[in-house]
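What follows is one structure encoded as structure tokens, with my remarks underneath.
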Amino acid sequence: WVEGVLGNGEREYIELEANISSFYLFNGYISYTKPHLYEENSRVKKIRIKNLETGSSKDFTLKDSMEMQLISLLDLNIWSNVNTNLEITILEVYPGEKYKDLCIQAIIPVY
């Protein structure tokens with residue numbers, strides 16, 4: 001996912017509908033053949049995840065790292081065997097050295 005049209009990505013959001021307890025997030029633009037692109041593009045620093053069914057939310061601060069980061073959703077009143085609508089809002093970013101584009105390499109659900 002790359003957001004670069006409206007600025008640095010702050011206040012943009014991603015909606016998911018899933019039955020998950022957590023997910024892994026790979027932050028930034030990750031290319032093992034062009035590793036300089038990670039620092040050149042913006043990365044997520046802080047997100048808010050909101051359960052759109054219940055209204056509960058939680059903020060998470062992410063490391064400025066290419067390593068996968070586990071985001072637990074246990075505090076968001078998610079029931080097992082029920083799909084839940086989630087909203088992930090970008091609150092802060094680590095600015096890119098060259099580009100404003102905010103990049104998220106992958107969001108991988110954990111069931």
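Note on naming: chains are A, B, ... as they come in the structure tokens, residues start from 1 per chain, ligands start from 1 in the order shown.
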
Do you know which residues are at most 9 Å from region 14-30 of chain A counting only C-alpha atoms, after dropping those on the same chain fewer than 6 positions away, and could you put them as number ranges by chain? A: 1-2, 36-45, 62-74, 78-90, 102-111

Which parts of chain A does DSSP call strand (DSSP E) when run on the backbone here, written out as a PyMOL selection string? chain A and resi 2-3+13-18+22-27+43-51+57-61+69-72+84-94+102-110

Selection to disk with C-alpha atoms, as a CSV table (one decimal), in the first residue's frame:
```
chain,number,residue,atom,x,y,z
A,2,VAL,CA,1.4,3.4,-1.0
A,3,GLU,CA,-0.2,6.7,-0.2
A,13,TYR,CA,-7.1,4.8,6.7
A,14,ILE,CA,-7.4,1.2,5.6
A,15,GLU,CA,-10.5,-0.8,6.3
A,16,LEU,CA,-10.5,-4.6,6.9
A,17,GLU,CA,-13.2,-7.1,7.4
A,18,ALA,CA,-11.9,-10.3,9.0
A,22,SER,CA,-3.9,-10.1,15.4
A,23,PHE,CA,-1.9,-9.3,12.3
A,24,TYR,CA,1.7,-8.8,11.2
A,25,LEU,CA,2.6,-5.5,9.6
A,26,PHE,CA,5.7,-5.0,7.4
A,27,ASN,CA,6.4,-1.3,7.6
A,43,ARG,CA,6.9,4.7,7.1
A,44,VAL,CA,4.1,4.3,9.7
A,45,LYS,CA,5.0,5.5,13.2
A,46,LYS,CA,1.7,5.4,15.0
A,47,ILE,CA,-1.7,3.9,14.1
A,48,ARG,CA,-5.1,3.7,15.7
A,49,ILE,CA,-7.1,0.5,15.2
A,50,LYS,CA,-10.8,0.9,15.7
A,51,ASN,CA,-13.4,-1.9,15.9
A,57,SER,CA,-10.0,1.5,19.6
A,58,LYS,CA,-6.4,1.3,20.6
A,59,ASP,CA,-3.2,3.2,19.5
A,60,PHE,CA,0.0,1.4,18.5
A,61,THR,CA,3.5,2.8,18.0
A,69,GLN,CA,5.7,-6.4,13.8
A,70,LEU,CA,2.8,-8.2,15.5
A,71,ILE,CA,-0.3,-6.1,16.3
A,72,SER,CA,-2.6,-7.8,18.8
A,84,THR,CA,-15.3,-7.7,12.4
A,85,ASN,CA,-14.9,-4.5,10.5
A,86,LEU,CA,-11.7,-2.7,11.5
A,87,GLU,CA,-10.3,0.7,10.6
A,88,ILE,CA,-6.6,1.3,10.7
A,89,THR,CA,-5.9,5.1,10.8
A,90,ILE,CA,-2.4,6.5,10.3
A,91,LEU,CA,-1.7,9.0,13.1
A,92,GLU,CA,2.0,9.7,12.6
A,93,VAL,CA,4.8,8.8,10.2
A,94,TYR,CA,8.5,8.5,10.0
A,102,LEU,CA,3.9,6.5,2.9
A,103,CYS,CA,4.4,2.7,2.3
A,104,ILE,CA,3.2,-0.4,4.0
A,105,GLN,CA,4.7,-3.5,2.5
A,106,ALA,CA,2.2,-6.0,3.9
A,107,ILE,CA,-0.5,-6.7,6.4
A,108,ILE,CA,-0.8,-10.4,7.1
A,109,PRO,CA,-3.7,-11.7,9.2
A,110,VAL,CA,-3.3,-14.2,12.1
```

Could you give me, as a VMD selection string, each residue of region 9-103 of chain A that DSSP assigns to helix (DSSP H, G or I) when run on this structure's backbone? chain A and resid 36 to 40 74 to 76

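Residue nearest Glu10 (chain A) within the list A:Asn77, A:Pro95, A:Pro35, A:Glu53: A:Pro95 [criterion: smallest interatomic distance, only C-alpha atoms].
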